[in-house]
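Read the structure below first, then the notes.
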Amino acid sequence: MTSDFKMGGVSIKKGQRSKIELAVSSLYDGTDLSIPVEVVRGKEDGPVLFISAAIHGDEINGTEIVSRILKNKSLKKLKGVLIAIPVVNIFGFNMLSRYLPDRRDLNRSFPGSLKGSLAARLANIFMKEIVKKSTHGIDLHTGAIHRTNLPQIRACLSNAEAKRLAIEFGVPVILNSTIRDGSLREAARRRDIPMLLFEGGEALRFDEKIIQIGMQGCFSVMQSIGMLPKKKHDVRREIFISWGTQWLRSPTSGLIHNLKEIGAHVKEGDILGVITDQFGTSRGEIIAPFEGIIIGQLQLPLVNGGDALYHVASFHNTRKVQKSIKQIEEDIYQSFYD
Ligand SMILES: [Zn+2]
């Protein structure tokens, strides 16, 4: 890396940290709108990692993860550059919405263009100012509105470095996600930048457990790429790659009563939930079609026929996955009392 590192036209010297506003657009009244970014540059050269959150504007759990990373004392020992973007989709963030004002999904608008839609312009700025300057990336997400996700990493595992980092992140569940057209991850892959997507928790909520897990995961990645010194006593958890997932949909409309919760191990034929009418009369059941772990779940009890209710992931050894999930939760509770 050259000794000159610039963001939004501002030079950041070694050992400096700087808050920069990347100009995007303006509101109807002409108020300027920009993406706030904090760049932390270590005294020595090293990798350039971006950690972004709220590309879906209502997925704010990652915003808290980024802000806690920025407050962590260990950044004093940083090598290279950390580019922290607590809120990418500032429009959605202000409107409590996943989308941009034109109803476009920013994470389907990459790599974007200078003169395209608002989403394409924002994506273009993000690519130019952030992704192209980075050697690695982590993008933080939650479930969509009214849906919660078990902590999980999604990565393109055919990239050896992305696979290594997915394991280093340290959450038990990894999905080898097929690249979605227009996602930030796809745009990064095309530039050969290994990138992870962390999913955990629910939109418009802070979830302390997920915040801790996400934060620890980001620090593990930073240690493994040489940005931060390695911990002396590194706890190793078993990590599992799912070989397939499926969303189970509601057979009918009504009220859902969950019999299984997020993180549960389910066997083929298990009843996961019962749909009733408002008098409590059963209208149908949701039955597990295969053995797996519930990695995503609807939180709103009111459902229409066809609504996605449970996201179930298959593994070669589901019981071991369950054990590893329990372990990470115990580790987190333990760290609250340390
Ligand atoms: Zn998202």
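Letters A, B, ... go to the chains of the structure tokens in the order shown; residues in each chain start at 1; ligands are counted from 1 in the same order.
Each residue with an atom within 6 Å of any atom of ligand 1 appears in the list, which was built counting only C-alpha atoms and all ligand atoms: His56, His141 and Thr142 of chain A.
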Write a file of the selected residues as a JSON list (two decimals), in the first residue's frame, keeping N, CA and C atoms.
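Output below, filename out17.json:
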[["chain", "number", "residue", "atom", "x", "y", "z"],
["A", 56, "HIS", "N", -28.99, -2.63, 4.05],
["A", 56, "HIS", "CA", -30.44, -2.62, 4.19],
["A", 56, "HIS", "C", -30.70, -1.70, 5.38],
["A", 141, "HIS", "N", -25.42, -7.91, 8.35],
["A", 141, "HIS", "CA", -26.87, -7.91, 8.09],
["A", 141, "HIS", "C", -27.63, -8.53, 9.27],
["A", 142, "THR", "N", -28.97, -8.37, 9.22],
["A", 142, "THR", "CA", -29.88, -9.11, 10.12],
["A", 142, "THR", "C", -30.95, -9.73, 9.24]]
I need the residues in segment 43-125 of chain A that are strand (DSSP E or B) according to DSSP; give them as number ranges by chain.
A: 44-53, 79-85
Would you put the residues from that selection into a file with C-alpha atoms, as a PDB file, in the first residue's frame?
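Output file selection_39.pdb follows:
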ATOM      1  CA  GLU A  44       2.291   0.301  10.097  1.00  0.00           C
ATOM      2  CA  ASP A  45       1.064  -0.828   6.713  1.00  0.00           C
ATOM      3  CA  GLY A  46      -1.137  -3.906   6.413  1.00  0.00           C
ATOM      4  CA  PRO A  47      -4.451  -5.079   4.958  1.00  0.00           C
ATOM      5  CA  VAL A  48      -7.316  -2.696   4.212  1.00  0.00           C
ATOM      6  CA  LEU A  49     -10.564  -4.043   5.666  1.00  0.00           C
ATOM      7  CA  PHE A  50     -13.998  -2.484   5.295  1.00  0.00           C
ATOM      8  CA  ILE A  51     -16.739  -3.359   7.774  1.00  0.00           C
ATOM      9  CA  SER A  52     -20.131  -2.113   6.622  1.00  0.00           C
ATOM     10  CA  ALA A  53     -23.610  -2.234   8.132  1.00  0.00           C
ATOM     11  CA  LYS A  79      -1.753  -2.526  11.181  1.00  0.00           C
ATOM     12  CA  GLY A  80      -3.175  -1.348   7.873  1.00  0.00           C
ATOM     13  CA  VAL A  81      -6.491   0.451   7.489  1.00  0.00           C
ATOM     14  CA  LEU A  82      -9.952  -0.193   8.912  1.00  0.00           C
ATOM     15  CA  ILE A  83     -12.752   1.469   6.949  1.00  0.00           C
ATOM     16  CA  ALA A  84     -15.858   1.468   9.156  1.00  0.00           C
ATOM     17  CA  ILE A  85     -19.249   2.292   7.654  1.00  0.00           C
TER      18      ILE A  85
END
Measure the distance from atom CA of Ile153 of chain A to atom CA of Arg121 of chain A in Å and round it to one decimal.
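One can read the atom CA of Ile153 of chain A to atom CA of Arg121 of chain A distance as 27.5 Å.
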Segment 212-225 of chain A surroundings by only C-alpha atoms, 9 Å radius, close-in-sequence under 2 positions cut, as a PyMOL selection string
chain A and resi 46-47+49+51+62+65-66+68-69+78+136+138+140+151+165-166+168-171+198-200+207-210+227-231+328-329+332
Tell me which protein, DNA and RNA residues are within 9 Å of Asp307 of chain A, counting only C-alpha atoms, leaving out same-chain ones fewer than 5 positions away, and put them as a compact mmCIF listing (two decimals) with C-alpha atoms, in the first residue's frame.
# COMPACT_ATOMS: atom_id res chain seq x y z
CA LEU A 248 -40.70 -23.57 4.85
CA ARG A 249 -43.81 -21.63 3.92
CA SER A 250 -47.20 -21.41 5.58
CA PRO A 251 -49.76 -23.79 4.06
CA THR A 252 -52.58 -21.40 4.97
CA SER A 253 -53.39 -18.01 6.51
CA LEU A 298 -40.66 -15.29 11.32
Which one is closest to Arg164 of chain A: A:Lys132, A:Leu196, A:Ser314, A:Asn89? Count only C-alpha atoms.
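Among the listed residues, the smallest separation from Arg164 of chain A belongs to A:Leu196.
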Residues within 12 Å of Gly92 of chain A, only C-alpha atoms, excluding chain neighbours under 5 positions, as a VMD selection string
chain A and resid 35 53 to 60 87 97 to 106 119 203 to 204
Can you write just those residues out, N, CA and C atoms, as a PDB file, in the first residue's frame?
ATOM      1  N   ILE A  35     -22.704   9.557   3.242  1.00  0.00           N
ATOM      2  CA  ILE A  35     -22.449   8.348   4.032  1.00  0.00           C
ATOM      3  C   ILE A  35     -21.321   8.676   5.013  1.00  0.00           C
ATOM      4  N   ALA A  53     -22.332  -1.801   7.564  1.00  0.00           N
ATOM      5  CA  ALA A  53     -23.610  -2.234   8.132  1.00  0.00           C
ATOM      6  C   ALA A  53     -24.745  -1.433   7.496  1.00  0.00           C
ATOM      7  N   ALA A  54     -25.958  -1.945   7.684  1.00  0.00           N
ATOM      8  CA  ALA A  54     -27.191  -1.261   7.243  1.00  0.00           C
ATOM      9  C   ALA A  54     -27.164  -0.884   5.761  1.00  0.00           C
ATOM     10  N   ILE A  55     -26.681  -1.816   4.944  1.00  0.00           N
ATOM     11  CA  ILE A  55     -26.845  -1.653   3.494  1.00  0.00           C
ATOM     12  C   ILE A  55     -28.346  -1.809   3.216  1.00  0.00           C
ATOM     13  N   HIS A  56     -28.988  -2.629   4.052  1.00  0.00           N
ATOM     14  CA  HIS A  56     -30.442  -2.619   4.186  1.00  0.00           C
ATOM     15  C   HIS A  56     -30.704  -1.704   5.384  1.00  0.00           C
ATOM     16  N   GLY A  57     -31.323  -0.552   5.116  1.00  0.00           N
ATOM     17  CA  GLY A  57     -31.353   0.542   6.101  1.00  0.00           C
ATOM     18  C   GLY A  57     -31.933   0.214   7.460  1.00  0.00           C
ATOM     19  N   ASP A  58     -32.758  -0.836   7.558  1.00  0.00           N
ATOM     20  CA  ASP A  58     -33.388  -1.161   8.850  1.00  0.00           C
ATOM     21  C   ASP A  58     -32.615  -2.240   9.617  1.00  0.00           C
ATOM     22  N   GLU A  59     -31.494  -2.706   9.061  1.00  0.00           N
ATOM     23  CA  GLU A  59     -30.744  -3.780   9.725  1.00  0.00           C
ATOM     24  C   GLU A  59     -29.645  -3.167  10.600  1.00  0.00           C
ATOM     25  N   ILE A  60     -30.100  -2.639  11.742  1.00  0.00           N
ATOM     26  CA  ILE A  60     -29.262  -1.741  12.539  1.00  0.00           C
ATOM     27  C   ILE A  60     -28.388  -2.447  13.569  1.00  0.00           C
ATOM     28  N   VAL A  87     -23.484   2.915   8.694  1.00  0.00           N
ATOM     29  CA  VAL A  87     -24.751   2.975   7.951  1.00  0.00           C
ATOM     30  C   VAL A  87     -24.454   3.263   6.481  1.00  0.00           C
ATOM     31  N   SER A  97     -36.370   1.760   6.918  1.00  0.00           N
ATOM     32  CA  SER A  97     -36.734   0.911   5.779  1.00  0.00           C
ATOM     33  C   SER A  97     -35.516   0.188   5.215  1.00  0.00           C
ATOM     34  N   ARG A  98     -35.774  -0.999   4.684  1.00  0.00           N
ATOM     35  CA  ARG A  98     -34.744  -1.797   4.022  1.00  0.00           C
ATOM     36  C   ARG A  98     -34.243  -1.108   2.740  1.00  0.00           C
ATOM     37  N   TYR A  99     -35.166  -0.367   2.100  1.00  0.00           N
ATOM     38  CA  TYR A  99     -34.941   0.078   0.730  1.00  0.00           C
ATOM     39  C   TYR A  99     -34.492   1.526   0.630  1.00  0.00           C
ATOM     40  N   LEU A 100     -34.300   1.948  -0.603  1.00  0.00           N
ATOM     41  CA  LEU A 100     -34.043   3.350  -0.906  1.00  0.00           C
ATOM     42  C   LEU A 100     -35.385   4.017  -1.218  1.00  0.00           C
ATOM     43  N   PRO A 101     -35.410   5.352  -1.296  1.00  0.00           N
ATOM     44  CA  PRO A 101     -36.703   6.022  -1.537  1.00  0.00           C
ATOM     45  C   PRO A 101     -37.386   5.570  -2.835  1.00  0.00           C
ATOM     46  N   ASP A 102     -36.614   5.066  -3.810  1.00  0.00           N
ATOM     47  CA  ASP A 102     -37.250   4.593  -5.053  1.00  0.00           C
ATOM     48  C   ASP A 102     -37.633   3.116  -4.970  1.00  0.00           C
ATOM     49  N   ARG A 103     -37.662   2.564  -3.740  1.00  0.00           N
ATOM     50  CA  ARG A 103     -38.029   1.168  -3.453  1.00  0.00           C
ATOM     51  C   ARG A 103     -37.006   0.170  -3.977  1.00  0.00           C
ATOM     52  N   ARG A 104     -35.838   0.652  -4.363  1.00  0.00           N
ATOM     53  CA  ARG A 104     -34.814  -0.283  -4.842  1.00  0.00           C
ATOM     54  C   ARG A 104     -34.041  -0.842  -3.653  1.00  0.00           C
ATOM     55  N   ASP A 105     -33.567  -2.079  -3.849  1.00  0.00           N
ATOM     56  CA  ASP A 105     -32.732  -2.744  -2.847  1.00  0.00           C
ATOM     57  C   ASP A 105     -31.274  -2.452  -3.206  1.00  0.00           C
ATOM     58  N   LEU A 106     -30.601  -1.727  -2.309  1.00  0.00           N
ATOM     59  CA  LEU A 106     -29.206  -1.344  -2.589  1.00  0.00           C
ATOM     60  C   LEU A 106     -28.331  -2.570  -2.831  1.00  0.00           C
ATOM     61  N   ALA A 119     -30.019   4.206  -6.255  1.00  0.00           N
ATOM     62  CA  ALA A 119     -29.338   3.036  -5.685  1.00  0.00           C
ATOM     63  C   ALA A 119     -28.027   2.776  -6.434  1.00  0.00           C
ATOM     64  N   ALA A 203     -34.281  -7.215  12.037  1.00  0.00           N
ATOM     65  CA  ALA A 203     -34.275  -5.808  11.619  1.00  0.00           C
ATOM     66  C   ALA A 203     -34.877  -4.934  12.719  1.00  0.00           C
ATOM     67  N   LEU A 204     -34.416  -3.703  12.819  1.00  0.00           N
ATOM     68  CA  LEU A 204     -34.921  -2.694  13.766  1.00  0.00           C
ATOM     69  C   LEU A 204     -34.789  -3.088  15.243  1.00  0.00           C
TER      70      LEU A 204
END
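Of the residues under consideration (A:Ala188, A:Leu70, A:Met95, A:Val10), A:Ala188 shows the shortest atom-to-atom contact distance to Asn107 of chain A when counting only C-alpha atoms.
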For Ile239 of chain A, please output as a PyMOL selection string all residues within 8 Å (counting only C-alpha atoms; exclusion window: fewer than 3 positions along the same chain).
chain A and resi 167+170-174+321+324
Closest to Leu259 of chain A among A:Gln327, A:Gln152, A:Thr135, A:Gln297, using only C-alpha atoms?
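Closest to Leu259 of chain A of all the choices is A:Gln297.
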Find the spatial neighbours of Pro194 of chain A, counting only C-alpha atoms, within a cut-off of 7 Å - ignore same-chain residues fewer than 4 positions away - and output them as a PDB file with N, CA and C atoms, in the first residue's frame.
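The new file result-v9.pdb reads:
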ATOM      1  N   HIS A 136      -9.987  -6.715   1.930  1.00  0.00           N
ATOM      2  CA  HIS A 136     -10.944  -7.642   2.532  1.00  0.00           C
ATOM      3  C   HIS A 136     -12.210  -6.865   2.915  1.00  0.00           C
ATOM      4  N   GLY A 137     -13.317  -7.582   3.090  1.00  0.00           N
ATOM      5  CA  GLY A 137     -14.543  -6.903   3.513  1.00  0.00           C
ATOM      6  C   GLY A 137     -15.445  -7.784   4.356  1.00  0.00           C
ATOM      7  N   GLU A 161      -9.564 -17.940   0.267  1.00  0.00           N
ATOM      8  CA  GLU A 161      -9.353 -16.973   1.353  1.00  0.00           C
ATOM      9  C   GLU A 161     -10.692 -16.639   2.037  1.00  0.00           C
ATOM     10  N   ALA A 162     -11.752 -16.519   1.237  1.00  0.00           N
ATOM     11  CA  ALA A 162     -13.081 -16.252   1.819  1.00  0.00           C
ATOM     12  C   ALA A 162     -13.487 -17.426   2.723  1.00  0.00           C
ATOM     13  N   ARG A 189     -16.403  -9.943  -5.209  1.00  0.00           N
ATOM     14  CA  ARG A 189     -15.826 -11.176  -5.764  1.00  0.00           C
ATOM     15  C   ARG A 189     -15.254 -10.922  -7.156  1.00  0.00           C
TER      16      ARG A 189
END
Report as JSON, numbers by chain: the residues of segment 92-319 of chain A with a DSSP assignment of helix (DSSP H, G or I), based on the backbone of this structure.
{"A": [92, 93, 94, 95, 106, 107, 108, 118, 119, 120, 121, 122, 123, 124, 125, 126, 127, 128, 129, 131, 132, 133, 160, 161, 162, 163, 164, 165, 166, 167, 168, 169, 184, 185, 186, 187, 188, 189, 190, 208, 209, 210, 211, 212, 213, 214, 215, 216, 217, 218, 219, 220, 221, 222, 223, 224, 318, 319]}
